[in-house]
Amino acid sequence: MSNPFEAVRVTDHVYWVGAIDWAIRDFHGYSTRRGTTYNAYLILADKITLIDTVKEPFKDEMLARIASVVEPEKIDYVISNHAEMDHSGCLPAVIDLVRPKKVFASKMGVKALGEHFHPSRASGPDDSGHDVVAVADGQKIDLGGMSFSFVETRMCHWPDSMVTYLHEDQVLFSQDGFGMHLATTERFDDEIDDWLLAREAAKYYANILLPLSGFIRKALDKVSSLNLPLAMVAPDHGPIWRKDTAKILGLYARWAEQKPTNKAVVVYDTMWQSTAAMARAIGDGLAAGGASVRLLPLDGNHRSDVATHLLDAGALVVGSPTLNNCLFPTVADCLTYLKGLRRKNLIGAAFGSHGWSGEGARQVHAMLEEMDVAVAAEPLAVRYVPDADALARCRRLGLDLAGKLRQHVAASQ
Ligand code: FEO
């Protein structure tokens, strides 16, 4: 029977043996509209090394790709750069099948793998008779004539995260870093449209790595200080970067800075179109004041798309009706999500229509303050349907915010 899945040659020694998840549409609350890939890499030399595995349901696809170039049982070593289960989910099964001489992980990775695949579980790496060996930060080892260096990149994405550099082929295996959720049969950046790469890389950073930006900056400095030539950056999701590796590193450096821009994101939901009317008037005022405006109604924009728009914004203006003495559920959902992502250096304001009690705009205002958004105005609340005067106040709020945004951007340069 012919093999339905084949490995993809990356270099003379490296093969992509991952899996394509065309169906996934939600990744921990992040809308993965274009699916994703779980990348694993096989290094063929005098010894055979597997870097990372795939999410458990995709084990057979990965094994089939490996089998297209070498019998899986011939794998000598496994390197686990990251213990999250989209990369380690089938590691216990792979260990049982392959019986590798060693499994390498960071010190925190050994701990994390143990806490995922507990010793009591028969197929866990800890009890299979094969050591999971902790490698030191900066350690260089030779595996079958190939030199690998390990660099700890804690909290990029988890405490265990590390990257592995293959000296002979100048490839950095960067686990989650520089990845994106994009299911394609193309494996390299130069085979995919630049706009799509930019969009999905930004979405990934905004929704996964943004709250870890301080760690990202340190990791970038650390990798840069090693002066490693980077012919390719091979992440665990999405395409391999080979056209211009400096470009994606530069984008990460910019995103990690979180500098504000002249862009204002107005996000809202509405019950009877009153809060929507306020949003449009505020947006018009912002634009008249020179801001670049994005109006994002929550019945048409997923929270993770709002997060992506905020990555290069300078203002967050949020509108909510009042429902049963509370802010609207979709707005609460979005703000809770954004609070966790901790976008810094934003100014903002709250607004909303209500019937009699008016908690919506006030609760949004309080949430913005909890998010460390510099709230630049009192909450603008309107009873029932905004009349011409109320809409004029909304527009003035937009104009005023545009001026404050200009000052905020100038002060941060
Ligand atoms: Fe793709 Fe942090 O796992």
# chains A, B, ... in the order shown; residues from 1 in each chain; ligands from 1

call {"tool": "select_by_dssp", "arguments": {"residues": "stretch 75-292 of chain A", "states": "alpha helix (DSSP H)", "output": "NGL selection string"}}
result
:A and (85-88 or 91-98 or 107-116 or 194-204 or 213-225 or 245-257 or 274-288)

call {"tool": "closest_atom_pairs", "arguments": {"of": "chain A", "to": "ligand 1", "cutoff": "6 Å", "atoms": "only C-alpha atoms and all ligand atoms", "output": "JSON lines"}}
result
{"residue": "A:Glu84", "atom": "CA", "partner": "ligand 1", "partner_atom_place_in_ligand_line": "3 (O)", "distance": 4.9}
{"residue": "A:Asp86", "atom": "CA", "partner": "ligand 1", "partner_atom_place_in_ligand_line": "1 (Fe)", "distance": 5.5}
{"residue": "A:His157", "atom": "CA", "partner": "ligand 1", "partner_atom_place_in_ligand_line": "2 (Fe)", "distance": 5.2}
{"residue": "A:Asp176", "atom": "CA", "partner": "ligand 1", "partner_atom_place_in_ligand_line": "1 (Fe)", "distance": 5.1}

call {"tool": "write_last_selection", "arguments": {"atoms": "N, CA, C and O atoms", "output": "PDB file, in the first residue's frame"}}
result
ATOM      1  N   GLU A  84       3.951  21.740  25.482  1.00  0.00           N
ATOM      2  CA  GLU A  84       2.508  21.874  25.265  1.00  0.00           C
ATOM      3  C   GLU A  84       2.053  20.761  24.323  1.00  0.00           C
ATOM      4  O   GLU A  84       2.766  20.363  23.400  1.00  0.00           O
ATOM      5  N   ASP A  86       0.158  20.234  21.845  1.00  0.00           N
ATOM      6  CA  ASP A  86       0.131  20.240  20.376  1.00  0.00           C
ATOM      7  C   ASP A  86       1.485  19.807  19.808  1.00  0.00           C
ATOM      8  O   ASP A  86       1.599  19.518  18.621  1.00  0.00           O
ATOM      9  N   HIS A 157       6.969  29.848  24.635  1.00  0.00           N
ATOM     10  CA  HIS A 157       5.696  30.265  25.145  1.00  0.00           C
ATOM     11  C   HIS A 157       5.426  29.854  26.596  1.00  0.00           C
ATOM     12  O   HIS A 157       4.645  30.499  27.303  1.00  0.00           O
ATOM     13  N   ASP A 176       7.161  27.449  19.263  1.00  0.00           N
ATOM     14  CA  ASP A 176       6.043  28.351  18.953  1.00  0.00           C
ATOM     15  C   ASP A 176       6.500  29.669  18.318  1.00  0.00           C
ATOM     16  O   ASP A 176       5.742  30.299  17.567  1.00  0.00           O
TER      17      ASP A 176
END

call {"tool": "residues_around", "arguments": {"residues": "A:Arg187", "least_positions_apart": "6", "cutoff": "10 Å", "atoms": "only C-alpha atoms", "output": "PyMOL selection string"}}
result
chain A and resi 8-10+16+37+39+234+238-241

call {"tool": "write_last_selection", "arguments": {"atoms": "C-alpha atoms", "output": "mmCIF file, in the first residue's frame"}}
result
data_model
loop_
_atom_site.group_PDB
_atom_site.id
_atom_site.type_symbol
_atom_site.label_atom_id
_atom_site.label_comp_id
_atom_site.auth_asym_id
_atom_site.auth_seq_id
_atom_site.Cartn_x
_atom_site.Cartn_y
_atom_site.Cartn_z
ATOM 1 C CA VAL A 8 9.060 17.364 2.827
ATOM 2 C CA ARG A 9 12.767 17.976 2.288
ATOM 3 C CA VAL A 10 13.908 21.143 4.065
ATOM 4 C CA TRP A 16 9.452 18.216 7.732
ATOM 5 C CA THR A 37 0.017 22.791 11.225
ATOM 6 C CA ASN A 39 5.500 20.827 12.682
ATOM 7 C CA ALA A 234 11.648 26.480 11.463
ATOM 8 C CA GLY A 238 2.979 27.345 9.873
ATOM 9 C CA PRO A 239 5.634 27.821 7.198
ATOM 10 C CA ILE A 240 9.423 27.698 7.508
ATOM 11 C CA TRP A 241 11.108 31.086 7.066
#

call {"tool": "select_by_dssp", "arguments": {"residues": "stretch 200-367 of chain A", "states": "strand (DSSP E)", "output": "JSON, numbers by chain"}}
result
{"A": [232, 233, 234, 235, 263, 264, 265, 266, 267, 268, 292, 293, 294, 295, 296, 297, 315, 316, 317, 318, 319, 322, 323, 326, 327, 347, 348, 349, 350, 351, 352, 353, 354]}

call {"tool": "write_last_selection", "arguments": {"atoms": "N, CA and C atoms", "output": "CSV table (one decimal), in the first residue's frame"}}
result
chain,number,residue,atom,x,y,z
A,232,MET,N,17.6,29.4,8.0
A,232,MET,CA,16.1,29.1,8.1
A,232,MET,C,15.7,29.2,9.6
A,233,VAL,N,14.5,29.6,9.7
A,233,VAL,CA,13.8,29.6,11.1
A,233,VAL,C,12.6,28.6,10.9
A,234,ALA,N,12.6,27.5,11.6
A,234,ALA,CA,11.6,26.5,11.5
A,234,ALA,C,10.8,26.4,12.7
A,235,PRO,N,9.6,27.0,12.7
A,235,PRO,CA,8.7,27.0,13.9
A,235,PRO,C,7.9,25.7,13.9
A,263,LYS,N,-3.6,54.6,15.3
A,263,LYS,CA,-4.8,53.8,15.0
A,263,LYS,C,-5.7,53.6,16.2
A,264,ALA,N,-7.0,53.9,16.1
A,264,ALA,CA,-7.9,53.7,17.2
A,264,ALA,C,-8.9,52.6,16.8
A,265,VAL,N,-9.0,51.6,17.7
A,265,VAL,CA,-9.9,50.5,17.6
A,265,VAL,C,-11.2,50.8,18.4
A,266,VAL,N,-12.3,50.8,17.7
A,266,VAL,CA,-13.6,51.0,18.4
A,266,VAL,C,-14.4,49.7,18.4
A,267,VAL,N,-14.5,49.1,19.6
A,267,VAL,CA,-15.1,47.8,19.6
A,267,VAL,C,-16.4,47.9,20.4
A,268,TYR,N,-17.5,47.2,20.0
A,268,TYR,CA,-18.7,47.4,20.7
A,268,TYR,C,-19.7,46.3,20.3
A,292,SER,N,-6.5,56.9,12.5
A,292,SER,CA,-6.9,55.8,11.6
A,292,SER,C,-7.8,54.9,12.4
A,293,VAL,N,-9.0,54.7,11.9
A,293,VAL,CA,-10.1,54.1,12.7
A,293,VAL,C,-10.5,52.7,12.2
A,294,ARG,N,-10.7,51.8,13.2
A,294,ARG,CA,-11.3,50.5,12.8
A,294,ARG,C,-12.5,50.3,13.8
A,295,LEU,N,-13.7,50.2,13.2
A,295,LEU,CA,-14.9,50.0,14.0
A,295,LEU,C,-15.2,48.4,13.9
A,296,LEU,N,-15.2,47.8,15.1
A,296,LEU,CA,-15.3,46.4,15.1
A,296,LEU,C,-16.6,46.0,16.0
A,297,PRO,N,-17.7,45.8,15.3
A,297,PRO,CA,-18.9,45.3,16.0
A,297,PRO,C,-18.7,43.8,16.4
A,315,ALA,N,-5.2,53.3,20.6
A,315,ALA,CA,-6.4,53.6,21.4
A,315,ALA,C,-7.4,52.5,21.3
A,316,LEU,N,-8.0,52.2,22.4
A,316,LEU,CA,-9.1,51.2,22.5
A,316,LEU,C,-10.3,51.9,23.1
A,317,VAL,N,-11.4,52.0,22.3
A,317,VAL,CA,-12.6,52.6,22.7
A,317,VAL,C,-13.7,51.6,22.7
A,318,VAL,N,-14.4,51.4,23.8
A,318,VAL,CA,-15.2,50.2,23.9
A,318,VAL,C,-16.6,50.7,24.3
A,319,GLY,N,-17.6,50.1,23.6
A,319,GLY,CA,-19.0,50.5,23.8
A,319,GLY,C,-19.8,49.2,24.2
A,322,THR,N,-26.3,48.2,28.4
A,322,THR,CA,-26.5,47.6,29.7
A,322,THR,C,-27.6,46.5,29.6
A,323,LEU,N,-27.3,45.3,30.0
A,323,LEU,CA,-28.2,44.2,30.0
A,323,LEU,C,-28.3,43.7,31.4
A,326,CYS,N,-25.7,44.8,33.9
A,326,CYS,CA,-24.3,44.5,33.6
A,326,CYS,C,-24.0,44.9,32.2
A,327,LEU,N,-22.6,45.0,32.0
A,327,LEU,CA,-22.2,45.2,30.6
A,327,LEU,C,-22.6,44.0,29.7
A,347,ILE,N,-4.4,54.3,25.1
A,347,ILE,CA,-5.3,55.2,25.8
A,347,ILE,C,-6.7,54.6,25.4
A,348,GLY,N,-7.8,55.1,26.1
A,348,GLY,CA,-9.1,54.5,25.8
A,348,GLY,C,-10.2,55.3,26.4
A,349,ALA,N,-11.4,54.8,26.1
A,349,ALA,CA,-12.6,55.4,26.7
A,349,ALA,C,-13.8,54.4,26.6
A,350,ALA,N,-14.8,54.6,27.4
A,350,ALA,CA,-16.0,53.7,27.4
A,350,ALA,C,-17.2,54.5,27.0
A,351,PHE,N,-18.2,53.8,26.4
A,351,PHE,CA,-19.4,54.5,26.0
A,351,PHE,C,-20.5,53.4,25.9
A,352,GLY,N,-21.8,53.9,25.9
A,352,GLY,CA,-22.9,52.9,25.7
A,352,GLY,C,-24.2,53.5,26.0
A,353,SER,N,-25.2,52.9,25.4
A,353,SER,CA,-26.6,53.2,25.6
A,353,SER,C,-27.2,52.3,26.7
A,354,HIS,N,-28.1,52.9,27.4
A,354,HIS,CA,-28.8,52.1,28.4
A,354,HIS,C,-30.2,52.5,28.6

call {"tool": "atom_distance", "arguments": {"atom1": "atom CA of A:Met85", "atom2": "atom CA of A:Ser213"}}
result
22.3 Å

call {"tool": "residues_around", "arguments": {"residues": "A:Thr308", "least_positions_apart": "3", "cutoff": "6 Å", "atoms": "only C-alpha atoms", "output": "count of residues only"}}
result
4

call {"tool": "atom_distance", "arguments": {"atom1": "atom CA of A:Leu251", "atom2": "atom CA of A:Ala183"}}
result
21.5 Å

call {"tool": "residues_around", "arguments": {"residues": "A:Asp269", "least_positions_apart": "6", "cutoff": "8 Å", "atoms": "only C-alpha atoms", "output": "tab-separated table (two decimals) with C-alpha atoms, in the first residue's frame"}}
result
chain	number	residue	atom	x	y	z
A	275	THR	CA	-24.62	51.84	21.00
A	276	ALA	CA	-23.81	51.14	17.33
A	297	PRO	CA	-18.89	45.29	16.03
A	298	LEU	CA	-18.66	42.11	18.09
A	299	ASP	CA	-21.42	40.33	16.22
A	319	GLY	CA	-19.02	50.46	23.82
A	320	SER	CA	-21.53	48.33	25.67
A	321	PRO	CA	-25.26	48.42	26.21
A	328	PHE	CA	-23.14	43.11	27.54
A	330	THR	CA	-19.95	39.68	24.34
A	331	VAL	CA	-18.17	42.84	25.54

call {"tool": "residues_around", "arguments": {"residues": "stretch 107-121 of chain A", "least_positions_apart": "2", "cutoff": "10 Å", "atoms": "only C-alpha atoms", "output": "PyMOL selection string"}}
result
chain A and resi 80-85+88-89+91-92+103-105+123-128+131-137+152+154+158-162

call {"tool": "closest_residue", "arguments": {"among": "A:Asp12, A:Glu61, A:Glu73, A:Glu257", "to": "A:Tyr38", "atoms": "only C-alpha atoms"}}
result
A:Glu61

call {"tool": "residues_around", "arguments": {"residues": "A:Cys156", "least_positions_apart": "3", "cutoff": "7 Å", "atoms": "only C-alpha atoms", "output": "number ranges by chain"}}
result
A: 153, 161, 177, 212, 215-216

call {"tool": "write_last_selection", "arguments": {"atoms": "N, CA, C and O atoms", "output": "mmCIF file, in the first residue's frame"}}
result
data_model
loop_
_atom_site.group_PDB
_atom_site.id
_atom_site.type_symbol
_atom_site.label_atom_id
_atom_site.label_comp_id
_atom_site.auth_asym_id
_atom_site.auth_seq_id
_atom_site.Cartn_x
_atom_site.Cartn_y
_atom_site.Cartn_z
ATOM 1 N N THR A 153 14.429 29.534 26.198
ATOM 2 C CA THR A 153 13.638 30.750 25.903
ATOM 3 C C THR A 153 12.391 30.707 26.788
ATOM 4 O O THR A 153 11.272 30.589 26.302
ATOM 5 N N SER A 161 9.991 26.301 27.462
ATOM 6 C CA SER A 161 10.325 26.514 26.047
ATOM 7 C C SER A 161 11.822 26.684 25.820
ATOM 8 O O SER A 161 12.510 27.411 26.544
ATOM 9 N N GLY A 177 7.671 30.123 18.657
ATOM 10 C CA GLY A 177 8.167 31.421 18.197
ATOM 11 C C GLY A 177 8.217 31.487 16.682
ATOM 12 O O GLY A 177 8.675 30.554 16.021
ATOM 13 N N LEU A 212 3.686 38.032 26.663
ATOM 14 C CA LEU A 212 5.037 37.568 27.013
ATOM 15 C C LEU A 212 6.097 38.429 26.326
ATOM 16 O O LEU A 212 7.245 37.998 26.180
ATOM 17 N N PHE A 215 9.582 38.752 27.725
ATOM 18 C CA PHE A 215 10.394 37.541 27.528
ATOM 19 C C PHE A 215 10.838 37.416 26.071
ATOM 20 O O PHE A 215 11.931 36.946 25.790
ATOM 21 N N ILE A 216 9.964 37.831 25.166
ATOM 22 C CA ILE A 216 10.320 37.767 23.740
ATOM 23 C C ILE A 216 11.518 38.672 23.474
ATOM 24 O O ILE A 216 12.466 38.285 22.762
#

call {"tool": "atom_distance", "arguments": {"atom1": "atom CA of A:Ile192", "atom2": "atom CA of A:Leu209"}}
result
22.6 Å

call {"tool": "decode", "arguments": {"residues": "stretch 15-55 of chain A", "atoms": "N, CA and C atoms", "output": "PDB file, in the first residue's frame"}}
result
ATOM      1  N   TYR A  15      14.117  17.059   7.307  1.00  0.00           N
ATOM      2  CA  TYR A  15      12.825  16.812   6.657  1.00  0.00           C
ATOM      3  C   TYR A  15      11.696  17.269   7.578  1.00  0.00           C
ATOM      4  N   TRP A  16      10.664  17.895   6.973  1.00  0.00           N
ATOM      5  CA  TRP A  16       9.452  18.216   7.732  1.00  0.00           C
ATOM      6  C   TRP A  16       8.591  16.967   7.778  1.00  0.00           C
ATOM      7  N   VAL A  17       8.207  16.564   8.975  1.00  0.00           N
ATOM      8  CA  VAL A  17       7.399  15.340   9.132  1.00  0.00           C
ATOM      9  C   VAL A  17       6.194  15.636  10.032  1.00  0.00           C
ATOM     10  N   GLY A  18       5.657  16.825   9.910  1.00  0.00           N
ATOM     11  CA  GLY A  18       4.546  17.228  10.772  1.00  0.00           C
ATOM     12  C   GLY A  18       3.192  16.838  10.211  1.00  0.00           C
ATOM     13  N   ALA A  19       2.169  17.559  10.665  1.00  0.00           N
ATOM     14  CA  ALA A  19       0.801  17.257  10.245  1.00  0.00           C
ATOM     15  C   ALA A  19       0.067  18.558   9.971  1.00  0.00           C
ATOM     16  N   ILE A  20      -0.893  18.481   9.055  1.00  0.00           N
ATOM     17  CA  ILE A  20      -1.712  19.651   8.710  1.00  0.00           C
ATOM     18  C   ILE A  20      -3.103  19.448   9.297  1.00  0.00           C
ATOM     19  N   ASP A  21      -3.523  20.396  10.116  1.00  0.00           N
ATOM     20  CA  ASP A  21      -4.852  20.345  10.733  1.00  0.00           C
ATOM     21  C   ASP A  21      -5.741  21.343   9.990  1.00  0.00           C
ATOM     22  N   TRP A  22      -6.422  20.833   8.975  1.00  0.00           N
ATOM     23  CA  TRP A  22      -7.265  21.705   8.138  1.00  0.00           C
ATOM     24  C   TRP A  22      -8.544  22.112   8.854  1.00  0.00           C
ATOM     25  N   ALA A  23      -8.927  21.380   9.899  1.00  0.00           N
ATOM     26  CA  ALA A  23     -10.272  21.527  10.461  1.00  0.00           C
ATOM     27  C   ALA A  23     -10.343  22.412  11.698  1.00  0.00           C
ATOM     28  N   ILE A  24      -9.248  22.578  12.418  1.00  0.00           N
ATOM     29  CA  ILE A  24      -9.338  23.282  13.705  1.00  0.00           C
ATOM     30  C   ILE A  24      -9.793  24.732  13.485  1.00  0.00           C
ATOM     31  N   ARG A  25     -10.763  25.158  14.284  1.00  0.00           N
ATOM     32  CA  ARG A  25     -11.273  26.523  14.160  1.00  0.00           C
ATOM     33  C   ARG A  25     -11.191  27.298  15.481  1.00  0.00           C
ATOM     34  N   ASP A  26     -10.759  26.629  16.534  1.00  0.00           N
ATOM     35  CA  ASP A  26     -10.614  27.312  17.824  1.00  0.00           C
ATOM     36  C   ASP A  26      -9.391  26.738  18.540  1.00  0.00           C
ATOM     37  N   PHE A  27      -8.511  27.637  18.949  1.00  0.00           N
ATOM     38  CA  PHE A  27      -7.303  27.233  19.659  1.00  0.00           C
ATOM     39  C   PHE A  27      -7.262  28.048  20.949  1.00  0.00           C
ATOM     40  N   HIS A  28      -7.825  27.480  22.014  1.00  0.00           N
ATOM     41  CA  HIS A  28      -7.868  28.181  23.304  1.00  0.00           C
ATOM     42  C   HIS A  28      -8.519  29.550  23.189  1.00  0.00           C
ATOM     43  N   GLY A  29      -9.596  29.634  22.434  1.00  0.00           N
ATOM     44  CA  GLY A  29     -10.299  30.908  22.325  1.00  0.00           C
ATOM     45  C   GLY A  29      -9.825  31.769  21.169  1.00  0.00           C
ATOM     46  N   TYR A  30      -8.815  31.332  20.460  1.00  0.00           N
ATOM     47  CA  TYR A  30      -8.252  32.039  19.294  1.00  0.00           C
ATOM     48  C   TYR A  30      -8.897  31.408  18.070  1.00  0.00           C
ATOM     49  N   SER A  31      -9.531  32.232  17.253  1.00  0.00           N
ATOM     50  CA  SER A  31     -10.219  31.721  16.070  1.00  0.00           C
ATOM     51  C   SER A  31      -9.206  31.381  14.977  1.00  0.00           C
ATOM     52  N   THR A  32      -9.037  30.090  14.753  1.00  0.00           N
ATOM     53  CA  THR A  32      -8.040  29.629  13.758  1.00  0.00           C
ATOM     54  C   THR A  32      -8.777  29.345  12.452  1.00  0.00           C
ATOM     55  N   ARG A  33      -9.206  30.418  11.820  1.00  0.00           N
ATOM     56  CA  ARG A  33     -10.056  30.301  10.633  1.00  0.00           C
ATOM     57  C   ARG A  33      -9.352  29.603   9.478  1.00  0.00           C
ATOM     58  N   ARG A  34      -8.030  29.657   9.478  1.00  0.00           N
ATOM     59  CA  ARG A  34      -7.301  29.022   8.378  1.00  0.00           C
ATOM     60  C   ARG A  34      -6.603  27.737   8.815  1.00  0.00           C
ATOM     61  N   GLY A  35      -7.074  27.127   9.923  1.00  0.00           N
ATOM     62  CA  GLY A  35      -6.474  25.877  10.372  1.00  0.00           C
ATOM     63  C   GLY A  35      -5.076  26.086  10.906  1.00  0.00           C
ATOM     64  N   THR A  36      -4.309  25.015  11.019  1.00  0.00           N
ATOM     65  CA  THR A  36      -2.932  25.145  11.489  1.00  0.00           C
ATOM     66  C   THR A  36      -2.105  23.933  11.047  1.00  0.00           C
ATOM     67  N   THR A  37      -0.840  23.978  11.373  1.00  0.00           N
ATOM     68  CA  THR A  37       0.017  22.791  11.225  1.00  0.00           C
ATOM     69  C   THR A  37       0.729  22.558  12.546  1.00  0.00           C
ATOM     70  N   TYR A  38       1.060  21.321  12.789  1.00  0.00           N
ATOM     71  CA  TYR A  38       1.932  20.948  13.907  1.00  0.00           C
ATOM     72  C   TYR A  38       3.207  20.437  13.245  1.00  0.00           C
ATOM     73  N   ASN A  39       4.279  21.171  13.408  1.00  0.00           N
ATOM     74  CA  ASN A  39       5.500  20.827  12.682  1.00  0.00           C
ATOM     75  C   ASN A  39       6.422  19.961  13.530  1.00  0.00           C
ATOM     76  N   ALA A  40       6.909  18.894  12.939  1.00  0.00           N
ATOM     77  CA  ALA A  40       7.960  18.078  13.541  1.00  0.00           C
ATOM     78  C   ALA A  40       9.038  17.926  12.471  1.00  0.00           C
ATOM     79  N   TYR A  41      10.259  17.764  12.922  1.00  0.00           N
ATOM     80  CA  TYR A  41      11.379  17.759  11.978  1.00  0.00           C
ATOM     81  C   TYR A  41      12.277  16.549  12.242  1.00  0.00           C
ATOM     82  N   LEU A  42      12.691  15.933  11.164  1.00  0.00           N
ATOM     83  CA  LEU A  42      13.562  14.762  11.254  1.00  0.00           C
ATOM     84  C   LEU A  42      14.928  15.153  10.718  1.00  0.00           C
ATOM     85  N   ILE A  43      15.978  14.860  11.457  1.00  0.00           N
ATOM     86  CA  ILE A  43      17.328  15.165  10.995  1.00  0.00           C
ATOM     87  C   ILE A  43      18.027  13.843  10.715  1.00  0.00           C
ATOM     88  N   LEU A  44      18.387  13.666   9.451  1.00  0.00           N
ATOM     89  CA  LEU A  44      19.000  12.408   9.022  1.00  0.00           C
ATOM     90  C   LEU A  44      20.508  12.597   8.922  1.00  0.00           C
ATOM     91  N   ALA A  45      21.249  11.865   9.737  1.00  0.00           N
ATOM     92  CA  ALA A  45      22.713  11.881   9.690  1.00  0.00           C
ATOM     93  C   ALA A  45      23.175  10.491  10.124  1.00  0.00           C
ATOM     94  N   ASP A  46      24.363  10.397  10.699  1.00  0.00           N
ATOM     95  CA  ASP A  46      24.799   9.077  11.174  1.00  0.00           C
ATOM     96  C   ASP A  46      23.840   8.552  12.236  1.00  0.00           C
ATOM     97  N   LYS A  47      23.259   9.466  12.977  1.00  0.00           N
ATOM     98  CA  LYS A  47      22.163   9.130  13.881  1.00  0.00           C
ATOM     99  C   LYS A  47      20.935   9.922  13.420  1.00  0.00           C
ATOM    100  N   ILE A  48      19.779   9.456  13.834  1.00  0.00           N
ATOM    101  CA  ILE A  48      18.542  10.106  13.376  1.00  0.00           C
ATOM    102  C   ILE A  48      17.855  10.759  14.573  1.00  0.00           C
ATOM    103  N   THR A  49      17.515  12.029  14.389  1.00  0.00           N
ATOM    104  CA  THR A  49      16.945  12.824  15.487  1.00  0.00           C
ATOM    105  C   THR A  49      15.599  13.392  15.061  1.00  0.00           C
ATOM    106  N   LEU A  50      14.628  13.296  15.954  1.00  0.00           N
ATOM    107  CA  LEU A  50      13.310  13.889  15.722  1.00  0.00           C
ATOM    108  C   LEU A  50      13.171  15.104  16.638  1.00  0.00           C
ATOM    109  N   ILE A  51      12.821  16.252  16.058  1.00  0.00           N
ATOM    110  CA  ILE A  51      12.589  17.444  16.879  1.00  0.00           C
ATOM    111  C   ILE A  51      11.085  17.697  16.964  1.00  0.00           C
ATOM    112  N   ASP A  52      10.570  17.605  18.170  1.00  0.00           N
ATOM    113  CA  ASP A  52       9.152  17.776  18.495  1.00  0.00           C
ATOM    114  C   ASP A  52       8.284  16.719  17.801  1.00  0.00           C
ATOM    115  N   THR A  53       7.074  16.600  18.325  1.00  0.00           N
ATOM    116  CA  THR A  53       6.111  15.684  17.705  1.00  0.00           C
ATOM    117  C   THR A  53       4.864  16.507  17.373  1.00  0.00           C
ATOM    118  N   VAL A  54       3.724  15.859  17.286  1.00  0.00           N
ATOM    119  CA  VAL A  54       2.512  16.574  16.880  1.00  0.00           C
ATOM    120  C   VAL A  54       1.401  16.289  17.886  1.00  0.00           C
ATOM    121  N   LYS A  55       0.293  16.967  17.709  1.00  0.00           N
ATOM    122  CA  LYS A  55      -0.888  16.738  18.547  1.00  0.00           C
ATOM    123  C   LYS A  55      -1.315  15.269  18.410  1.00  0.00           C
TER     124      LYS A  55
END
